[in-house]
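Data block for data_1.cif (mmCIF, N, CA and C atoms):
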data_query
#
loop_
_atom_site.group_PDB
_atom_site.id
_atom_site.type_symbol
_atom_site.label_atom_id
_atom_site.label_comp_id
_atom_site.auth_asym_id
_atom_site.auth_seq_id
_atom_site.Cartn_x
_atom_site.Cartn_y
_atom_site.Cartn_z
ATOM 1 N N MET A 149 -7.299 33.639 30.078
ATOM 2 C CA MET A 149 -8.483 33.174 29.372
ATOM 3 C C MET A 149 -8.542 33.761 27.965
ATOM 4 N N GLN A 150 -8.155 35.023 27.848
ATOM 5 C CA GLN A 150 -8.164 35.699 26.550
ATOM 6 C C GLN A 150 -7.186 35.029 25.573
ATOM 7 N N GLN A 151 -6.041 34.575 26.080
ATOM 8 C CA GLN A 151 -5.057 33.901 25.227
ATOM 9 C C GLN A 151 -5.602 32.574 24.695
ATOM 10 N N LEU A 152 -6.325 31.885 25.528
ATOM 11 C CA LEU A 152 -6.925 30.616 25.098
ATOM 12 C C LEU A 152 -7.937 30.849 23.980
ATOM 13 N N LEU A 153 -8.747 31.877 24.103
ATOM 14 C CA LEU A 153 -9.716 32.199 23.064
ATOM 15 C C LEU A 153 -9.038 32.631 21.763
ATOM 16 N N THR A 154 -7.861 33.202 21.884
ATOM 17 C CA THR A 154 -7.103 33.618 20.704
ATOM 18 C C THR A 154 -6.621 32.387 19.923
ATOM 19 N N PHE A 155 -6.191 31.344 20.621
ATOM 20 C CA PHE A 155 -5.666 30.146 19.974
ATOM 21 C C PHE A 155 -6.738 29.106 19.647
ATOM 22 N N LEU A 156 -7.948 29.298 20.130
ATOM 23 C CA LEU A 156 -9.022 28.334 19.912
ATOM 24 C C LEU A 156 -9.310 28.068 18.425
ATOM 25 N N PRO A 157 -9.399 29.077 17.552
ATOM 26 C CA PRO A 157 -9.626 28.782 16.127
ATOM 27 C C PRO A 157 -8.512 27.943 15.511
ATOM 28 N N MET A 158 -7.274 28.194 15.893
ATOM 29 C CA MET A 158 -6.146 27.430 15.364
ATOM 30 C C MET A 158 -6.216 25.974 15.829
ATOM 31 N N ILE A 159 -6.590 25.792 17.083
ATOM 32 C CA ILE A 159 -6.732 24.435 17.616
ATOM 33 C C ILE A 159 -7.858 23.699 16.909
ATOM 34 N N LEU A 160 -8.966 24.360 16.670
ATOM 35 C CA LEU A 160 -10.087 23.742 15.959
ATOM 36 C C LEU A 160 -9.712 23.376 14.529
ATOM 37 N N ILE A 161 -8.960 24.219 13.863
ATOM 38 C CA ILE A 161 -8.506 23.920 12.497
ATOM 39 C C ILE A 161 -7.622 22.681 12.497
ATOM 40 N N PHE A 162 -6.719 22.575 13.466
ATOM 41 C CA PHE A 162 -5.856 21.401 13.556
ATOM 42 C C PHE A 162 -6.680 20.129 13.778
ATOM 43 N N VAL A 163 -7.668 20.187 14.655
ATOM 44 C CA VAL A 163 -8.514 19.019 14.933
ATOM 45 C C VAL A 163 -9.283 18.605 13.672
ATOM 46 N N VAL A 164 -9.812 19.572 12.941
ATOM 47 C CA VAL A 164 -10.538 19.271 11.695
ATOM 48 C C VAL A 164 -9.595 18.649 10.671
ATOM 49 N N PHE A 165 -8.394 19.211 10.505
ATOM 50 C CA PHE A 165 -7.418 18.639 9.576
ATOM 51 C C PHE A 165 -7.046 17.217 9.969
ATOM 52 N N TYR A 166 -6.895 16.972 11.265
ATOM 53 C CA TYR A 166 -6.542 15.637 11.722
ATOM 54 C C TYR A 166 -7.604 14.623 11.313
ATOM 55 N N PHE A 167 -8.863 14.919 11.582
ATOM 56 C CA PHE A 167 -9.920 13.952 11.298
ATOM 57 C C PHE A 167 -10.286 13.865 9.825
ATOM 58 N N LEU A 168 -10.070 14.912 9.049
ATOM 59 C CA LEU A 168 -10.437 14.885 7.635
ATOM 60 C C LEU A 168 -9.287 14.516 6.708
ATOM 61 N N LEU A 169 -8.045 14.764 7.113
ATOM 62 C CA LEU A 169 -6.910 14.517 6.221
ATOM 63 C C LEU A 169 -5.883 13.537 6.773
ATOM 64 N N ILE A 170 -5.379 13.790 7.949
ATOM 65 C CA ILE A 170 -4.260 13.014 8.478
ATOM 66 C C ILE A 170 -4.683 11.599 8.852
ATOM 67 N N ARG A 171 -5.760 11.445 9.580
ATOM 68 C CA ARG A 171 -6.203 10.121 10.036
ATOM 69 C C ARG A 171 -6.563 9.187 8.870
ATOM 70 N N PRO A 172 -7.360 9.633 7.886
ATOM 71 C CA PRO A 172 -7.652 8.744 6.757
ATOM 72 C C PRO A 172 -6.405 8.367 5.949
ATOM 73 N N GLN A 173 -5.460 9.298 5.809
ATOM 74 C CA GLN A 173 -4.230 8.997 5.070
ATOM 75 C C GLN A 173 -3.405 7.949 5.801
ATOM 76 N N ASN A 174 -3.292 8.054 7.112
ATOM 77 C CA ASN A 174 -2.565 7.047 7.885
ATOM 78 C C ASN A 174 -3.232 5.681 7.783
ATOM 79 N N LYS A 175 -4.555 5.661 7.786
ATOM 80 C CA LYS A 175 -5.303 4.414 7.648
ATOM 81 C C LYS A 175 -5.031 3.766 6.291
ATOM 82 N N ARG A 176 -5.029 4.576 5.231
ATOM 83 C CA ARG A 176 -4.757 4.078 3.880
ATOM 84 C C ARG A 176 -3.325 3.548 3.760
ATOM 85 N N GLN A 177 -2.361 4.252 4.343
ATOM 86 C CA GLN A 177 -0.977 3.788 4.318
ATOM 87 C C GLN A 177 -0.823 2.451 5.024
ATOM 88 N N LYS A 178 -1.535 2.270 6.116
ATOM 89 C CA LYS A 178 -1.490 1.008 6.847
ATOM 90 C C LYS A 178 -2.053 -0.133 5.988
ATOM 91 N N GLN A 179 -3.151 0.129 5.266
ATOM 92 C CA GLN A 179 -3.737 -0.887 4.391
ATOM 93 C C GLN A 179 -2.785 -1.247 3.255
ATOM 94 N N VAL A 180 -2.118 -0.262 2.668
ATOM 95 C CA VAL A 180 -1.179 -0.516 1.567
ATOM 96 C C VAL A 180 -0.001 -1.337 2.073
ATOM 97 N N ARG A 181 0.550 -0.987 3.235
ATOM 98 C CA ARG A 181 1.659 -1.757 3.804
ATOM 99 C C ARG A 181 1.244 -3.200 4.063
ATOM 100 N N GLN A 182 0.039 -3.406 4.578
ATOM 101 C CA GLN A 182 -0.448 -4.762 4.842
ATOM 102 C C GLN A 182 -0.587 -5.533 3.530
ATOM 103 N N MET A 183 -1.143 -4.891 2.492
ATOM 104 C CA MET A 183 -1.287 -5.543 1.191
ATOM 105 C C MET A 183 0.078 -5.928 0.624
ATOM 106 N N GLN A 184 1.059 -5.047 0.737
ATOM 107 C CA GLN A 184 2.398 -5.330 0.218
ATOM 108 C C GLN A 184 3.086 -6.438 1.006
ATOM 109 N N ASN A 185 2.829 -6.526 2.300
ATOM 110 C CA ASN A 185 3.425 -7.586 3.113
ATOM 111 C C ASN A 185 2.769 -8.940 2.879
ATOM 112 N N GLU A 186 1.521 -8.954 2.388
ATOM 113 C CA GLU A 186 0.799 -10.209 2.165
ATOM 114 C C GLU A 186 0.929 -10.712 0.730
ATOM 115 N N LEU A 187 1.809 -10.103 -0.076
ATOM 116 C CA LEU A 187 1.994 -10.578 -1.445
ATOM 117 C C LEU A 187 2.485 -12.015 -1.445
ATOM 118 N N SER A 188 1.971 -12.799 -2.373
ATOM 119 C CA SER A 188 2.417 -14.182 -2.473
ATOM 120 C C SER A 188 2.535 -14.568 -3.943
ATOM 121 N N ARG A 189 3.233 -15.629 -4.158
ATOM 122 C CA ARG A 189 3.480 -16.138 -5.503
ATOM 123 C C ARG A 189 2.162 -16.459 -6.195
ATOM 124 N N GLY A 190 2.025 -16.000 -7.445
ATOM 125 C CA GLY A 190 0.819 -16.262 -8.221
ATOM 126 C C GLY A 190 -0.190 -15.134 -8.202
ATOM 127 N N ASP A 191 -0.002 -14.125 -7.338
ATOM 128 C CA ASP A 191 -0.918 -12.978 -7.297
ATOM 129 C C ASP A 191 -0.765 -12.135 -8.557
ATOM 130 N N SER A 192 -1.864 -11.681 -9.112
ATOM 131 C CA SER A 192 -1.830 -10.723 -10.216
ATOM 132 C C SER A 192 -1.840 -9.335 -9.601
ATOM 133 N N ILE A 193 -0.877 -8.485 -10.019
ATOM 134 C CA ILE A 193 -0.754 -7.168 -9.406
ATOM 135 C C ILE A 193 -0.590 -6.088 -10.469
ATOM 136 N N VAL A 194 -0.708 -4.841 -10.017
ATOM 137 C CA VAL A 194 -0.427 -3.668 -10.832
ATOM 138 C C VAL A 194 0.575 -2.831 -10.051
ATOM 139 N N THR A 195 1.650 -2.384 -10.721
ATOM 140 C CA THR A 195 2.644 -1.541 -10.061
ATOM 141 C C THR A 195 2.204 -0.084 -10.104
ATOM 142 N N ILE A 196 2.914 0.775 -9.389
ATOM 143 C CA ILE A 196 2.577 2.192 -9.391
ATOM 144 C C ILE A 196 2.815 2.817 -10.756
ATOM 145 N N GLY A 197 3.609 2.169 -11.588
ATOM 146 C CA GLY A 197 3.852 2.645 -12.951
ATOM 147 C C GLY A 197 2.825 2.134 -13.945
ATOM 148 N N GLY A 198 1.913 1.268 -13.502
ATOM 149 C CA GLY A 198 0.862 0.761 -14.372
ATOM 150 C C GLY A 198 1.164 -0.572 -15.024
ATOM 151 N N LEU A 199 2.272 -1.208 -14.665
ATOM 152 C CA LEU A 199 2.633 -2.502 -15.242
ATOM 153 C C LEU A 199 1.817 -3.605 -14.574
ATOM 154 N N HIS A 200 1.188 -4.441 -15.393
ATOM 155 C CA HIS A 200 0.416 -5.581 -14.892
ATOM 156 C C HIS A 200 1.294 -6.818 -14.990
ATOM 157 N N GLY A 201 1.266 -7.656 -13.955
ATOM 158 C CA GLY A 201 2.073 -8.858 -13.978
ATOM 159 C C GLY A 201 1.641 -9.844 -12.909
ATOM 160 N N VAL A 202 2.294 -10.997 -12.927
ATOM 161 C CA VAL A 202 2.027 -12.063 -11.960
ATOM 162 C C VAL A 202 3.286 -12.245 -11.123
ATOM 163 N N VAL A 203 3.116 -12.326 -9.817
ATOM 164 C CA VAL A 203 4.244 -12.469 -8.898
ATOM 165 C C VAL A 203 4.878 -13.838 -9.093
ATOM 166 N N GLN A 204 6.185 -13.840 -9.362
ATOM 167 C CA GLN A 204 6.949 -15.072 -9.500
ATOM 168 C C GLN A 204 7.691 -15.423 -8.218
ATOM 169 N N LYS A 205 8.236 -14.371 -7.575
ATOM 170 C CA LYS A 205 9.070 -14.585 -6.397
ATOM 171 C C LYS A 205 8.940 -13.363 -5.489
ATOM 172 N N VAL A 206 8.886 -13.616 -4.184
ATOM 173 C CA VAL A 206 8.777 -12.536 -3.210
ATOM 174 C C VAL A 206 9.931 -12.661 -2.226
ATOM 175 N N ASP A 207 10.707 -11.579 -2.080
ATOM 176 C CA ASP A 207 11.782 -11.510 -1.088
ATOM 177 C C ASP A 207 11.379 -10.521 -0.001
ATOM 178 N N ASP A 208 12.314 -10.226 0.889
ATOM 179 C CA ASP A 208 12.027 -9.263 1.955
ATOM 180 C C ASP A 208 11.729 -7.874 1.403
ATOM 181 N N THR A 209 12.470 -7.439 0.393
ATOM 182 C CA THR A 209 12.297 -6.083 -0.123
ATOM 183 C C THR A 209 11.909 -6.022 -1.589
ATOM 184 N N THR A 210 11.978 -7.142 -2.313
ATOM 185 C CA THR A 210 11.707 -7.120 -3.751
ATOM 186 C C THR A 210 10.642 -8.133 -4.153
ATOM 187 N N VAL A 211 10.075 -7.880 -5.328
ATOM 188 C CA VAL A 211 9.077 -8.767 -5.922
ATOM 189 C C VAL A 211 9.494 -8.971 -7.373
ATOM 190 N N THR A 212 9.547 -10.217 -7.823
ATOM 191 C CA THR A 212 9.835 -10.507 -9.217
ATOM 192 C C THR A 212 8.525 -10.827 -9.923
ATOM 193 N N LEU A 213 8.261 -10.106 -11.023
ATOM 194 C CA LEU A 213 7.020 -10.251 -11.777
ATOM 195 C C LEU A 213 7.287 -10.859 -13.130
ATOM 196 N N LYS A 214 6.291 -11.572 -13.646
ATOM 197 C CA LYS A 214 6.319 -12.020 -15.026
ATOM 198 C C LYS A 214 5.237 -11.247 -15.753
ATOM 199 N N SER A 215 5.656 -10.543 -16.789
ATOM 200 C CA SER A 215 4.725 -9.766 -17.590
ATOM 201 C C SER A 215 5.056 -10.066 -19.045
ATOM 202 N N GLY A 216 4.184 -10.805 -19.701
ATOM 203 C CA GLY A 216 4.491 -11.248 -21.058
ATOM 204 C C GLY A 216 5.618 -12.255 -21.003
ATOM 205 N N ASN A 217 6.671 -12.014 -21.772
ATOM 206 C CA ASN A 217 7.838 -12.907 -21.763
ATOM 207 C C ASN A 217 8.948 -12.391 -20.866
ATOM 208 N N ALA A 218 8.738 -11.280 -20.195
ATOM 209 C CA ALA A 218 9.788 -10.658 -19.390
ATOM 210 C C ALA A 218 9.584 -10.931 -17.904
ATOM 211 N N GLN A 219 10.704 -11.072 -17.195
ATOM 212 C CA GLN A 219 10.678 -11.139 -15.742
ATOM 213 C C GLN A 219 11.353 -9.876 -15.227
ATOM 214 N N LEU A 220 10.637 -9.134 -14.395
ATOM 215 C CA LEU A 220 11.113 -7.860 -13.890
ATOM 216 C C LEU A 220 11.124 -7.880 -12.374
ATOM 217 N N THR A 221 12.097 -7.204 -11.784
ATOM 218 C CA THR A 221 12.196 -7.129 -10.334
ATOM 219 C C THR A 221 11.880 -5.712 -9.885
ATOM 220 N N PHE A 222 10.993 -5.592 -8.905
ATOM 221 C CA PHE A 222 10.569 -4.305 -8.361
ATOM 222 C C PHE A 222 10.703 -4.336 -6.848
ATOM 223 N N ASN A 223 10.785 -3.164 -6.239
ATOM 224 C CA ASN A 223 10.670 -3.062 -4.783
ATOM 225 C C ASN A 223 9.228 -3.356 -4.405
ATOM 226 N N ARG A 224 9.037 -3.885 -3.219
ATOM 227 C CA ARG A 224 7.666 -4.142 -2.760
ATOM 228 C C ARG A 224 6.838 -2.875 -2.738
ATOM 229 N N SER A 225 7.477 -1.763 -2.444
ATOM 230 C CA SER A 225 6.755 -0.488 -2.356
ATOM 231 C C SER A 225 6.230 -0.022 -3.704
ATOM 232 N N ALA A 226 6.665 -0.646 -4.802
ATOM 233 C CA ALA A 226 6.188 -0.278 -6.134
ATOM 234 C C ALA A 226 4.864 -0.949 -6.482
ATOM 235 N N VAL A 227 4.377 -1.843 -5.637
ATOM 236 C CA VAL A 227 3.116 -2.533 -5.894
ATOM 237 C C VAL A 227 1.967 -1.634 -5.442
ATOM 238 N N ALA A 228 1.086 -1.288 -6.385
ATOM 239 C CA ALA A 228 -0.037 -0.400 -6.074
ATOM 240 C C ALA A 228 -1.264 -1.178 -5.622
ATOM 241 N N GLU A 229 -1.551 -2.305 -6.279
ATOM 242 C CA GLU A 229 -2.736 -3.074 -5.897
ATOM 243 C C GLU A 229 -2.627 -4.513 -6.371
ATOM 244 N N VAL A 230 -3.333 -5.380 -5.682
ATOM 245 C CA VAL A 230 -3.454 -6.785 -6.083
ATOM 246 C C VAL A 230 -4.787 -6.901 -6.799
ATOM 247 N N THR A 231 -4.749 -7.308 -8.083
ATOM 248 C CA THR A 231 -5.987 -7.403 -8.851
ATOM 249 C C THR A 231 -6.636 -8.769 -8.714
ATOM 250 N N LYS A 232 -5.819 -9.798 -8.493
ATOM 251 C CA LYS A 232 -6.364 -11.143 -8.332
ATOM 252 C C LYS A 232 -5.449 -11.900 -7.385
ATOM 253 N N LYS A 233 -6.004 -12.308 -6.264
ATOM 254 C CA LYS A 233 -5.240 -13.036 -5.262
ATOM 255 C C LYS A 233 -5.109 -14.491 -5.674
ATOM 256 N N SER A 234 -3.926 -15.051 -5.505
ATOM 257 C CA SER A 234 -3.687 -16.454 -5.816
ATOM 258 C C SER A 234 -4.457 -17.321 -4.835
ATOM 259 N N THR A 235 -5.135 -18.341 -5.360
ATOM 260 C CA THR A 235 -5.905 -19.228 -4.485
ATOM 261 C C THR A 235 -5.216 -20.560 -4.258
ATOM 262 N N THR A 236 -4.253 -20.897 -5.102
ATOM 263 C CA THR A 236 -3.536 -22.158 -4.949
ATOM 264 C C THR A 236 -2.048 -21.894 -4.898
ATOM 265 N N VAL A 237 -1.327 -22.806 -4.266
ATOM 266 C CA VAL A 237 0.126 -22.718 -4.242
ATOM 267 C C VAL A 237 0.629 -23.229 -5.578
ATOM 268 N N MET A 238 1.482 -22.448 -6.236
ATOM 269 C CA MET A 238 1.939 -22.797 -7.573
ATOM 270 C C MET A 238 3.398 -23.232 -7.528
ATOM 271 N N ASP A 239 3.740 -24.230 -8.335
ATOM 272 C CA ASP A 239 5.137 -24.615 -8.431
ATOM 273 C C ASP A 239 5.782 -23.874 -9.606
ATOM 274 N N ASP A 240 7.072 -24.065 -9.844
ATOM 275 C CA ASP A 240 7.805 -23.305 -10.849
ATOM 276 C C ASP A 240 7.290 -23.484 -12.258
ATOM 277 N N GLU A 241 6.788 -24.649 -12.609
ATOM 278 C CA GLU A 241 6.381 -24.929 -13.979
ATOM 279 C C GLU A 241 4.995 -24.408 -14.327
ATOM 280 N N THR A 242 4.106 -24.199 -13.346
ATOM 281 C CA THR A 242 2.731 -23.860 -13.667
ATOM 282 C C THR A 242 2.425 -22.368 -13.659
ATOM 283 N N VAL A 243 3.373 -21.527 -13.258
ATOM 284 C CA VAL A 243 3.126 -20.100 -13.221
ATOM 285 C C VAL A 243 3.164 -19.534 -14.631
ATOM 286 N N GLU A 244 2.122 -18.808 -14.992
ATOM 287 C CA GLU A 244 2.059 -18.229 -16.334
ATOM 288 C C GLU A 244 2.255 -16.746 -16.295
#

Represent the supplied structure as structure tokens.
Amino acid sequence: MQQLLTFLPMILIFVVFYFLLIRPQNKRQKQVRQMQNELSRGDSIVTIGGLHGVVQKVDDTTVTLKSGNAQLTFNRSAVAEVTKKSTTVMDDETVE
């Protein structure tokens, strides 16, 4: 019984860390993965580097963006947020 009381503060600290740090972080990671998997052509996004662009093409692991006159290819994991979700399906000529 004495040994259990000795480890009780450590167990309580772990439980507090789990509910205050680990669980919310896992929840946020799940939301980011879902957002990255739901990327579609025409979405306006921001990368983790701060580049703003419009999705031109989405592959299994990469996303091609148009930013200004440049087309850039990034890993899906480089997408930080979707600022404007595409509401219509766009063909090759209408994407700006």

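Those residues of segment 158-207 of chain A that DSSP, working from the backbone, places in helix (DSSP H, G or I) are Met158, Ile159, Leu160, Ile161, Phe162, Val163, Val164, Phe165, Tyr166, Phe167, Leu168, Leu169, Ile170, Arg171, Pro172, Gln173, Asn174, Lys175, Arg176, Gln177, Lys178, Gln179, Val180, Arg181, Gln182, Met183, Gln184 and Asn185 of chain A.
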
What gap, in Å, lies between atom CA of Gln173 of chain A and atom CA of Phe222 of chain A? 24.0 Å

Would you list, as an MDAnalysis selection string, the residues of chain A that end up in strand (DSSP E or B) under DSSP run on this structure's backbone? chainID A and resid 192:195 200:206 210:215 218:223 227:232

Between A:Arg189, A:Arg176, A:Arg181, A:Arg171, smallest distance to Leu213 of chain A by only C-alpha atoms belongs to A:Arg189

Nearest-residue call for Gln179 of chain A, choices A:Ala228, A:Met149, A:Val163, A:Leu220, using only C-alpha atoms: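 Ranking A:Ala228, A:Met149, A:Val163, A:Leu220 by distance to Gln179 of chain A, first place goes to A:Ala228.
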
Can you spell out as a list in words the set of residues that the PyMOL selection byres (((chain A and resi 208 and name CA) around 12) and name CA) selects in the structure I just provided?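 On the file shown, the PyMOL selection byres (((chain A and resi 208 and name CA) around 12) and name CA) covers Gln184, Asn185, Glu186, Leu187, Ser188, Lys205, Val206, Asp207, Thr209, Thr210, Val211, Thr212, Phe222, Asn223, Arg224 and Ser225 of chain A.
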
Suppose you want the space between atom C of Ser234 of chain A and atom CA of Val194 of chain A; what is it in Å?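 A separation of 15.4 Å between them.
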
Please indicate the distance in Å from atom N of Leu199 of chain A to atom C of Ser215 of chain A, rounded to one decimal place. 10.3 Å

Axis-aligned box over every listed atom of segment 216-235 of chain A, padded by 5 Å per side: centre and edges in Å to one decimal, as lines of an AutoDock Vina configuration file?
center_x = 2.8
center_y = -10.3
center_z = -12.1
size_x = 28.8
size_y = 30.5
size_z = 29.4
